[in-house]
file target_6.pdb (PDB, C-alpha atoms, pLDDT in the B column)
ATOM      1  CA  MET N  23       0.000   0.000   0.000  1.00 95.00           C
ATOM      2  CA  ILE N  24       1.063   3.597  -0.558  1.00 96.00           C
ATOM      3  CA  TYR N  25       0.647   6.034   2.315  1.00 97.00           C
ATOM      4  CA  THR N  26       0.929   9.782   1.855  1.00 97.00           C
ATOM      5  CA  VAL N  27       1.525  12.157   4.747  1.00 96.00           C
ATOM      6  CA  THR N  28       0.437  15.782   4.697  1.00 95.00           C
ATOM      7  CA  PHE N  29       1.179  17.445   8.023  1.00 95.00           C
ATOM      8  CA  ASN N  30      -0.583  20.654   7.068  1.00 92.00           C
ATOM      9  CA  PRO N  31      -3.451  19.918   4.662  1.00 96.00           C
ATOM     10  CA  ALA N  32      -5.523  22.795   3.356  1.00 96.00           C
ATOM     11  CA  ILE N  33      -8.650  23.950   1.704  1.00 97.00           C
ATOM     12  CA  ASP N  34      -7.638  26.297  -1.089  1.00 96.00           C
ATOM     13  CA  TYR N  35     -10.204  28.971  -1.869  1.00 97.00           C
ATOM     14  CA  VAL N  36      -9.327  30.098  -5.385  1.00 96.00           C
ATOM     15  CA  VAL N  37     -10.884  33.379  -6.467  1.00 97.00           C
ATOM     16  CA  GLN N  38     -10.594  34.860  -9.962  1.00 96.00           C
ATOM     17  CA  VAL N  39     -11.040  38.627 -10.150  1.00 95.00           C
ATOM     18  CA  ASP N  40     -10.976  40.329 -13.534  1.00 92.00           C
ATOM     19  CA  SER N  41      -9.386  43.538 -12.272  1.00 90.00           C
ATOM     20  CA  PHE N  42      -8.206  43.570  -8.658  1.00 92.00           C
ATOM     21  CA  CYS N  43      -8.037  46.974  -6.918  1.00 91.00           C
ATOM     22  CA  GLU N  44      -6.308  47.055  -3.548  1.00 91.00           C
ATOM     23  CA  GLY N  45      -8.297  48.852  -0.864  1.00 94.00           C
ATOM     24  CA  LYS N  46     -11.573  48.550  -2.795  1.00 95.00           C
ATOM     25  CA  THR N  47     -14.454  46.067  -2.811  1.00 96.00           C
ATOM     26  CA  ASN N  48     -13.753  43.525  -5.554  1.00 94.00           C
ATOM     27  CA  ARG N  49     -16.293  41.084  -6.973  1.00 95.00           C
ATOM     28  CA  SER N  50     -15.154  37.614  -7.980  1.00 95.00           C
ATOM     29  CA  ASP N  51     -15.764  36.272 -11.473  1.00 95.00           C
ATOM     30  CA  VAL N  52     -15.044  32.623 -10.640  1.00 95.00           C
ATOM     31  CA  GLU N  53     -14.619  30.790  -7.337  1.00 96.00           C
ATOM     32  CA  GLU N  54     -13.336  27.281  -6.719  1.00 96.00           C
ATOM     33  CA  ILE N  55     -12.586  25.187  -3.657  1.00 96.00           C
ATOM     34  CA  GLN N  56      -9.725  22.681  -3.825  1.00 95.00           C
ATOM     35  CA  PHE N  57      -8.831  20.195  -1.116  1.00 95.00           C
ATOM     36  CA  GLY N  58      -5.162  19.446  -0.837  1.00 89.00           C
ATOM     37  CA  GLY N  59      -1.712  19.754   0.530  1.00 92.00           C
ATOM     38  CA  LYS N  60       1.334  18.188  -1.118  1.00 93.00           C
ATOM     39  CA  GLY N  61       0.748  14.620   0.124  1.00 95.00           C
ATOM     40  CA  ILE N  62      -2.952  14.792  -0.665  1.00 96.00           C
ATOM     41  CA  ASN N  63      -2.040  16.000  -4.147  1.00 95.00           C
ATOM     42  CA  VAL N  64       0.089  12.857  -4.512  1.00 95.00           C
ATOM     43  CA  SER N  65      -2.910  10.736  -3.453  1.00 96.00           C
ATOM     44  CA  ASN N  66      -5.046  12.542  -6.049  1.00 96.00           C
ATOM     45  CA  VAL N  67      -2.535  11.808  -8.829  1.00 95.00           C
ATOM     46  CA  LEU N  68      -2.281   8.168  -7.746  1.00 96.00           C
ATOM     47  CA  LEU N  69      -6.079   7.892  -7.820  1.00 97.00           C
ATOM     48  CA  GLN N  70      -6.129   9.253 -11.383  1.00 96.00           C
ATOM     49  CA  LEU N  71      -3.574   6.563 -12.292  1.00 96.00           C
ATOM     50  CA  GLY N  72      -5.768   3.855 -10.738  1.00 96.00           C
ATOM     51  CA  VAL N  73      -3.502   3.327  -7.716  1.00 96.00           C
ATOM     52  CA  ASN N  74      -4.980   3.245  -4.216  1.00 95.00           C
ATOM     53  CA  SER N  75      -3.371   5.099  -1.348  1.00 96.00           C
ATOM     54  CA  VAL N  76      -4.168   6.170   2.184  1.00 97.00           C
ATOM     55  CA  ALA N  77      -3.841   9.858   3.078  1.00 98.00           C
ATOM     56  CA  LEU N  78      -2.462  10.520   6.548  1.00 97.00           C
ATOM     57  CA  GLY N  79      -1.917  13.776   8.365  1.00 97.00           C
ATOM     58  CA  PHE N  80      -3.587  16.074  10.847  1.00 97.00           C
ATOM     59  CA  ILE N  81      -7.009  17.688  10.566  1.00 97.00           C
ATOM     60  CA  ALA N  82      -8.910  19.973  12.913  1.00 97.00           C
ATOM     61  CA  GLY N  83     -12.309  21.588  13.242  1.00 97.00           C
ATOM     62  CA  PHE N  84     -15.085  21.890  10.682  1.00 97.00           C
ATOM     63  CA  THR N  85     -12.610  22.557   7.874  1.00 97.00           C
ATOM     64  CA  GLY N  86     -10.802  19.308   8.649  1.00 97.00           C
ATOM     65  CA  ASP N  87     -14.106  17.447   8.621  1.00 97.00           C
ATOM     66  CA  ALA N  88     -14.972  18.991   5.225  1.00 97.00           C
ATOM     67  CA  LEU N  89     -11.566  18.062   3.796  1.00 97.00           C
ATOM     68  CA  CYS N  90     -11.809  14.468   5.031  1.00 96.00           C
ATOM     69  CA  LYS N  91     -15.349  14.105   3.698  1.00 97.00           C
ATOM     70  CA  ALA N  92     -14.409  15.506   0.273  1.00 97.00           C
ATOM     71  CA  LEU N  93     -11.418  13.184  -0.055  1.00 97.00           C
ATOM     72  CA  SER N  94     -13.528  10.158   0.915  1.00 96.00           C
ATOM     73  CA  GLU N  95     -16.250  11.138  -1.568  1.00 96.00           C
ATOM     74  CA  ASN N  96     -13.574  11.404  -4.279  1.00 94.00           C
ATOM     75  CA  GLY N  97     -12.346   7.861  -3.522  1.00 95.00           C
ATOM     76  CA  ILE N  98      -9.274   8.574  -1.395  1.00 97.00           C
ATOM     77  CA  ASP N  99      -8.935   6.534   1.793  1.00 97.00           C
ATOM     78  CA  THR N 100      -7.983   8.643   4.807  1.00 97.00           C
ATOM     79  CA  ASP N 101      -6.664   7.979   8.286  1.00 97.00           C
ATOM     80  CA  PHE N 102      -6.072  11.446   9.719  1.00 98.00           C
ATOM     81  CA  VAL N 103      -5.294  12.329  13.306  1.00 98.00           C
ATOM     82  CA  LYS N 104      -8.076  14.640  14.502  1.00 97.00           C
ATOM     83  CA  LEU N 105      -6.673  17.484  16.597  1.00 97.00           C
ATOM     84  CA  GLU N 106      -8.544  18.691  19.676  1.00 94.00           C
ATOM     85  CA  SER N 107      -8.477  22.385  18.756  1.00 95.00           C
ATOM     86  CA  GLY N 108      -8.005  24.733  15.841  1.00 95.00           C
ATOM     87  CA  ASN N 109      -9.034  24.336  12.223  1.00 96.00           C
ATOM     88  CA  THR N 110      -7.454  22.863   9.149  1.00 97.00           C
ATOM     89  CA  ARG N 111      -6.110  25.854   7.277  1.00 95.00           C
ATOM     90  CA  ILE N 112      -7.873  27.718   4.517  1.00 96.00           C
ATOM     91  CA  ASN N 113      -5.568  29.266   1.927  1.00 96.00           C
ATOM     92  CA  ILE N 114      -6.728  32.085  -0.305  1.00 96.00           C
ATOM     93  CA  LYS N 115      -5.493  32.136  -3.904  1.00 96.00           C
ATOM     94  CA  LEU N 116      -6.387  35.412  -5.599  1.00 95.00           C
ATOM     95  CA  LYS N 117      -5.990  35.320  -9.366  1.00 95.00           C
ATOM     96  CA  SER N 118      -6.050  38.560 -11.269  1.00 93.00           C
ATOM     97  CA  GLY N 119      -3.184  40.013 -13.325  1.00 86.00           C
ATOM     98  CA  CYS N 120      -0.890  37.866 -11.188  1.00 89.00           C
ATOM     99  CA  GLU N 121      -1.602  35.338  -8.457  1.00 90.00           C
ATOM    100  CA  THR N 122      -1.463  36.377  -4.815  1.00 93.00           C
ATOM    101  CA  GLU N 123      -1.601  33.774  -2.054  1.00 94.00           C
ATOM    102  CA  ILE N 124      -2.454  34.036   1.602  1.00 94.00           C
ATOM    103  CA  ASN N 125      -1.567  30.745   3.278  1.00 92.00           C
ATOM    104  CA  ALA N 126      -2.771  30.149   6.820  1.00 93.00           C
ATOM    105  CA  SER N 127      -0.456  28.520   9.345  1.00 90.00           C
ATOM    106  CA  GLY N 128      -2.792  25.740  10.430  1.00 91.00           C
ATOM    107  CA  PRO N 129      -3.499  24.297  13.870  1.00 95.00           C
ATOM    108  CA  GLN N 130      -0.965  23.468  16.562  1.00 95.00           C
ATOM    109  CA  ILE N 131       0.101  19.820  16.586  1.00 97.00           C
ATOM    110  CA  ASP N 132       0.824  18.723  20.133  1.00 95.00           C
ATOM    111  CA  GLU N 133       2.962  15.841  21.396  1.00 95.00           C
ATOM    112  CA  ALA N 134      -0.025  13.533  21.946  1.00 97.00           C
ATOM    113  CA  ALA N 135      -1.202  13.986  18.341  1.00 97.00           C
ATOM    114  CA  LEU N 136       2.309  13.388  17.034  1.00 97.00           C
ATOM    115  CA  LYS N 137       2.514  10.157  19.066  1.00 97.00           C
ATOM    116  CA  GLU N 138      -0.794   9.076  17.541  1.00 97.00           C
ATOM    117  CA  MET N 139       0.650   9.704  14.072  1.00 97.00           C
ATOM    118  CA  PHE N 140       3.728   7.606  14.892  1.00 97.00           C
ATOM    119  CA  LYS N 141       1.418   4.813  16.059  1.00 96.00           C
ATOM    120  CA  LYS N 142      -0.397   4.891  12.701  1.00 97.00           C
ATOM    121  CA  LEU N 143       2.939   4.814  10.869  1.00 96.00           C
ATOM    122  CA  GLU N 144       4.109   1.817  12.903  1.00 94.00           C
ATOM    123  CA  ALA N 145       1.304  -0.185  11.278  1.00 94.00           C
ATOM    124  CA  LEU N 146       3.012   0.060   7.868  1.00 95.00           C
ATOM    125  CA  GLN N 147       4.247  -3.279   6.565  1.00 93.00           C
ATOM    126  CA  ASP N 148       7.317  -4.384   4.653  1.00 93.00           C
ATOM    127  CA  GLY N 149       6.833  -3.483   1.005  1.00 93.00           C
ATOM    128  CA  ASP N 150       4.641  -0.442   1.719  1.00 95.00           C
ATOM    129  CA  THR N 151       5.545   2.977   0.337  1.00 95.00           C
ATOM    130  CA  LEU N 152       5.548   6.126   2.449  1.00 96.00           C
ATOM    131  CA  VAL N 153       5.431   9.556   0.797  1.00 95.00           C
ATOM    132  CA  LEU N 154       6.193  12.455   3.135  1.00 94.00           C
ATOM    133  CA  ALA N 155       5.326  15.654   1.310  1.00 93.00           C
ATOM    134  CA  GLY N 156       5.006  19.346   1.969  1.00 90.00           C
ATOM    135  CA  SER N 157       6.307  21.884   4.384  1.00 87.00           C
ATOM    136  CA  VAL N 158       6.672  21.165   8.083  1.00 90.00           C
ATOM    137  CA  PRO N 159       4.360  23.179  10.387  1.00 91.00           C
ATOM    138  CA  LYS N 160       5.985  25.409  12.996  1.00 91.00           C
ATOM    139  CA  SER N 161       4.628  23.234  15.811  1.00 93.00           C
ATOM    140  CA  LEU N 162       6.633  20.184  14.651  1.00 94.00           C
ATOM    141  CA  PRO N 163      10.407  19.677  14.768  1.00 93.00           C
ATOM    142  CA  GLU N 164      12.116  20.730  11.528  1.00 90.00           C
ATOM    143  CA  ASN N 165      13.657  17.251  11.238  1.00 93.00           C
ATOM    144  CA  ILE N 166      10.344  15.382  11.625  1.00 94.00           C
ATOM    145  CA  TYR N 167      10.748  13.615   8.274  1.00 92.00           C
ATOM    146  CA  GLU N 168      14.153  12.300   9.336  1.00 93.00           C
ATOM    147  CA  LYS N 169      12.719  11.168  12.684  1.00 94.00           C
ATOM    148  CA  ILE N 170       9.935   9.235  10.955  1.00 95.00           C
ATOM    149  CA  ILE N 171      12.315   7.517   8.540  1.00 92.00           C
ATOM    150  CA  LEU N 172      14.678   6.563  11.367  1.00 92.00           C
ATOM    151  CA  HIS N 173      11.746   5.362  13.498  1.00 93.00           C
ATOM    152  CA  LEU N 174      10.600   3.054  10.689  1.00 92.00           C
ATOM    153  CA  GLY N 175      14.153   2.031   9.774  1.00 87.00           C
ATOM    154  CA  ASN N 176      13.668  -1.609  10.813  1.00 89.00           C
ATOM    155  CA  LYS N 177      10.943  -2.072   8.177  1.00 90.00           C
ATOM    156  CA  LYS N 178      11.463  -2.559   4.469  1.00 92.00           C
ATOM    157  CA  ILE N 179       9.452   0.507   3.458  1.00 90.00           C
ATOM    158  CA  ARG N 180      10.127   2.663   0.434  1.00 87.00           C
ATOM    159  CA  ASN N 181      10.331   6.314   1.495  1.00 81.00           C
ATOM    160  CA  PHE N 182       9.887   9.391  -0.644  1.00 83.00           C
ATOM    161  CA  VAL N 183      10.322  12.860   0.772  1.00 80.00           C
ATOM    162  CA  VAL N 184       9.079  15.909  -1.098  1.00 76.00           C
ATOM    163  CA  ILE N 185       9.584  19.217   0.655  1.00 68.00           C
ATOM    164  CA  ILE N 186       8.319  22.362  -0.994  1.00 63.00           C
ATOM    165  CA  LYS N 187       8.942  25.648   0.785  1.00 59.00           C
ATOM    166  CA  ASN N 188       6.680  28.518  -0.167  1.00 53.00           C
TER     167      ASN N 188
END

call {"tool": "encode", "arguments": {"input": "target_6.pdb", "output": "structure tokens"}}
result
Amino acid sequence: MIYTVTFNPAIDYVVQVDSFCEGKTNRSDVEEIQFGGKGINVSNVLLQLGVNSVALGFIAGFTGDALCKALSENGIDTDFVKLESGNTRINIKLKSGCETEINASGPQIDEAALKEMFKKLEALQDGDTLVLAGSVPKSLPENIYEKIILHLGNKKIRNFVVIIKN
């Protein structure tokens, strides 16, 4: 099985504005909601290729529930850790003459939630593939990907790490 990890999934609210004027009321021409994060994007591509995967990560609040529901309805299996407080982030993508992004930071991931994630990862079997993708939230150690790989080092798991800094 292929498992993808997105520590900081998001709902992207994409708004197209014909002519954006800063400091004024602008009306959108087109609006779209996209559910993602780098690991979730990998799961989406795998689904389009006919390959099943399980999306892991952290979700919180009503936005996390909406993200999980949308992924399930689209055919992606999920096994997220539900955080006690906060909300899964909503990013705003404003498209006009050029694209402007406002990316939220996302909820705090505490030690108990991180331990729960490690427990889920321990269930991976020899021959599984683990894709760790995306930026690392401020509430996690910067070397979290390395810690996960070392923690699972006794298993014959293929690891892929994709880090994109925005």

call {"tool": "closest_residue", "arguments": {"input": "target_6.pdb", "among": "N:Asn74, N:Ser94, N:Thr151, N:Thr28", "to": "N:Gly128", "atoms": "only C-alpha atoms"}}
result
N:Thr28

call {"tool": "residues_around", "arguments": {"input": "target_6.pdb", "residues": "N:Lys60", "least_positions_apart": "6", "cutoff": "12 Å", "atoms": "only C-alpha atoms", "output": "JSON, numbers by chain"}}
result
{"N": [26, 27, 28, 29, 30, 31, 32, 33, 66, 67, 77, 78, 79, 153, 154, 155, 156, 157, 158, 183, 184, 185, 186, 187, 188]}

call {"tool": "closest_atom_pairs", "arguments": {"input": "target_6.pdb", "of": "stretch 102-181 of chain N", "to": "stretch 36-45 of chain N", "cutoff": "9 Å", "atoms": "all atoms listed in the file", "output": "Markdown table"}}
result
| residue | atom | partner | partner_atom | distance |
| --- | --- | --- | --- | --- |
| N:Asn113 | CA | N:Val36 | CA | 8.3 |
| N:Ile114 | CA | N:Val36 | CA | 6.0 |
| N:Lys115 | CA | N:Val36 | CA | 4.6 |
| N:Leu116 | CA | N:Val37 | CA | 5.0 |
| N:Lys117 | CA | N:Gln38 | CA | 4.7 |
| N:Ser118 | CA | N:Val39 | CA | 5.1 |
| N:Gly119 | CA | N:Ser41 | CA | 7.2 |

call {"tool": "closest_residue", "arguments": {"input": "target_6.pdb", "among": "N:Ile179, N:Ile171, N:Ile24, N:Val103", "to": "N:Gln147", "atoms": "all atoms listed in the file"}}
result
N:Ile179

call {"tool": "resolve_selection", "arguments": {"input": "target_6.pdb", "expression": "the PyMOL selection byres ((chain N and resi 127) around 8)", "output": "NGL selection string"}}
result
:N and (111 or 125-126 or 128-129 or 159)

call {"tool": "build_atoms", "arguments": {"input": "target_6.pdb", "residues": "stretch 113-141 of chain N", "atoms": "N, CA and C atoms", "output": "PDB file, in the frame of the given file"}}
result
ATOM      1  N   ASN N 113      -6.466  28.388   2.672  1.00 96.00           N
ATOM      2  CA  ASN N 113      -5.568  29.266   1.927  1.00 96.00           C
ATOM      3  C   ASN N 113      -6.374  30.023   0.886  1.00 96.00           C
ATOM      4  N   ILE N 114      -6.046  31.267   0.692  1.00 96.00           N
ATOM      5  CA  ILE N 114      -6.728  32.085  -0.305  1.00 96.00           C
ATOM      6  C   ILE N 114      -5.782  32.293  -1.482  1.00 96.00           C
ATOM      7  N   LYS N 115      -6.252  31.950  -2.664  1.00 96.00           N
ATOM      8  CA  LYS N 115      -5.493  32.136  -3.904  1.00 96.00           C
ATOM      9  C   LYS N 115      -6.260  33.147  -4.738  1.00 96.00           C
ATOM     10  N   LEU N 116      -5.736  34.344  -4.852  1.00 95.00           N
ATOM     11  CA  LEU N 116      -6.387  35.412  -5.599  1.00 95.00           C
ATOM     12  C   LEU N 116      -5.726  35.521  -6.964  1.00 95.00           C
ATOM     13  N   LYS N 117      -6.516  35.283  -8.004  1.00 95.00           N
ATOM     14  CA  LYS N 117      -5.990  35.320  -9.366  1.00 95.00           C
ATOM     15  C   LYS N 117      -6.568  36.529 -10.082  1.00 95.00           C
ATOM     16  N   SER N 118      -5.679  37.396 -10.471  1.00 93.00           N
ATOM     17  CA  SER N 118      -6.050  38.560 -11.269  1.00 93.00           C
ATOM     18  C   SER N 118      -4.945  38.710 -12.296  1.00 93.00           C
ATOM     19  N   GLY N 119      -4.317  39.873 -12.401  1.00 86.00           N
ATOM     20  CA  GLY N 119      -3.184  40.013 -13.325  1.00 86.00           C
ATOM     21  C   GLY N 119      -2.051  39.072 -12.970  1.00 86.00           C
ATOM     22  N   CYS N 120      -1.846  38.866 -11.684  1.00 89.00           N
ATOM     23  CA  CYS N 120      -0.890  37.866 -11.188  1.00 89.00           C
ATOM     24  C   CYS N 120      -1.555  37.187  -9.995  1.00 89.00           C
ATOM     25  N   GLU N 121      -1.000  36.075  -9.567  1.00 90.00           N
ATOM     26  CA  GLU N 121      -1.602  35.338  -8.457  1.00 90.00           C
ATOM     27  C   GLU N 121      -1.000  35.792  -7.140  1.00 90.00           C
ATOM     28  N   THR N 122      -1.867  36.040  -6.173  1.00 93.00           N
ATOM     29  CA  THR N 122      -1.463  36.377  -4.815  1.00 93.00           C
ATOM     30  C   THR N 122      -2.014  35.295  -3.899  1.00 93.00           C
ATOM     31  N   GLU N 123      -1.179  34.821  -2.971  1.00 94.00           N
ATOM     32  CA  GLU N 123      -1.601  33.774  -2.054  1.00 94.00           C
ATOM     33  C   GLU N 123      -1.524  34.262  -0.619  1.00 94.00           C
ATOM     34  N   ILE N 124      -2.500  33.863   0.154  1.00 94.00           N
ATOM     35  CA  ILE N 124      -2.454  34.036   1.602  1.00 94.00           C
ATOM     36  C   ILE N 124      -2.632  32.644   2.186  1.00 94.00           C
ATOM     37  N   ASN N 125      -1.548  32.096   2.730  1.00 92.00           N
ATOM     38  CA  ASN N 125      -1.567  30.745   3.278  1.00 92.00           C
ATOM     39  C   ASN N 125      -1.619  30.810   4.801  1.00 92.00           C
ATOM     40  N   ALA N 126      -2.633  30.191   5.366  1.00 93.00           N
ATOM     41  CA  ALA N 126      -2.771  30.149   6.820  1.00 93.00           C
ATOM     42  C   ALA N 126      -1.729  29.201   7.413  1.00 93.00           C
ATOM     43  N   SER N 127      -1.469  29.377   8.718  1.00 90.00           N
ATOM     44  CA  SER N 127      -0.456  28.520   9.345  1.00 90.00           C
ATOM     45  C   SER N 127      -0.972  27.162   9.756  1.00 90.00           C
ATOM     46  N   GLY N 128      -2.252  27.027  10.013  1.00 91.00           N
ATOM     47  CA  GLY N 128      -2.792  25.740  10.430  1.00 91.00           C
ATOM     48  C   GLY N 128      -2.764  25.578  11.934  1.00 91.00           C
ATOM     49  N   PRO N 129      -3.380  24.511  12.423  1.00 95.00           N
ATOM     50  CA  PRO N 129      -3.499  24.297  13.870  1.00 95.00           C
ATOM     51  C   PRO N 129      -2.183  23.824  14.492  1.00 95.00           C
ATOM     52  N   GLN N 130      -2.108  23.967  15.807  1.00 95.00           N
ATOM     53  CA  GLN N 130      -0.965  23.468  16.562  1.00 95.00           C
ATOM     54  C   GLN N 130      -1.066  21.949  16.680  1.00 95.00           C
ATOM     55  N   ILE N 131       0.047  21.281  16.450  1.00 97.00           N
ATOM     56  CA  ILE N 131       0.101  19.820  16.586  1.00 97.00           C
ATOM     57  C   ILE N 131       0.872  19.527  17.865  1.00 97.00           C
ATOM     58  N   ASP N 132       0.176  18.972  18.848  1.00 95.00           N
ATOM     59  CA  ASP N 132       0.824  18.723  20.133  1.00 95.00           C
ATOM     60  C   ASP N 132       1.488  17.346  20.160  1.00 95.00           C
ATOM     61  N   GLU N 133       2.195  17.086  21.245  1.00 95.00           N
ATOM     62  CA  GLU N 133       2.962  15.841  21.396  1.00 95.00           C
ATOM     63  C   GLU N 133       2.072  14.603  21.344  1.00 95.00           C
ATOM     64  N   ALA N 134       0.888  14.680  21.950  1.00 97.00           N
ATOM     65  CA  ALA N 134      -0.025  13.533  21.946  1.00 97.00           C
ATOM     66  C   ALA N 134      -0.481  13.197  20.530  1.00 97.00           C
ATOM     67  N   ALA N 135      -0.780  14.218  19.729  1.00 97.00           N
ATOM     68  CA  ALA N 135      -1.202  13.986  18.341  1.00 97.00           C
ATOM     69  C   ALA N 135      -0.054  13.412  17.521  1.00 97.00           C
ATOM     70  N   LEU N 136       1.149  13.909  17.759  1.00 97.00           N
ATOM     71  CA  LEU N 136       2.309  13.388  17.034  1.00 97.00           C
ATOM     72  C   LEU N 136       2.551  11.920  17.390  1.00 97.00           C
ATOM     73  N   LYS N 137       2.378  11.558  18.656  1.00 97.00           N
ATOM     74  CA  LYS N 137       2.514  10.157  19.066  1.00 97.00           C
ATOM     75  C   LYS N 137       1.471   9.287  18.379  1.00 97.00           C
ATOM     76  N   GLU N 138       0.264   9.820  18.236  1.00 97.00           N
ATOM     77  CA  GLU N 138      -0.794   9.076  17.541  1.00 97.00           C
ATOM     78  C   GLU N 138      -0.419   8.849  16.077  1.00 97.00           C
ATOM     79  N   MET N 139       0.200   9.859  15.465  1.00 97.00           N
ATOM     80  CA  MET N 139       0.650   9.704  14.072  1.00 97.00           C
ATOM     81  C   MET N 139       1.728   8.620  13.983  1.00 97.00           C
ATOM     82  N   PHE N 140       2.688   8.634  14.899  1.00 97.00           N
ATOM     83  CA  PHE N 140       3.728   7.606  14.892  1.00 97.00           C
ATOM     84  C   PHE N 140       3.126   6.216  15.057  1.00 97.00           C
ATOM     85  N   LYS N 141       2.091   6.105  15.872  1.00 96.00           N
ATOM     86  CA  LYS N 141       1.418   4.813  16.059  1.00 96.00           C
ATOM     87  C   LYS N 141       0.799   4.338  14.746  1.00 96.00           C
TER      88      LYS N 141
END
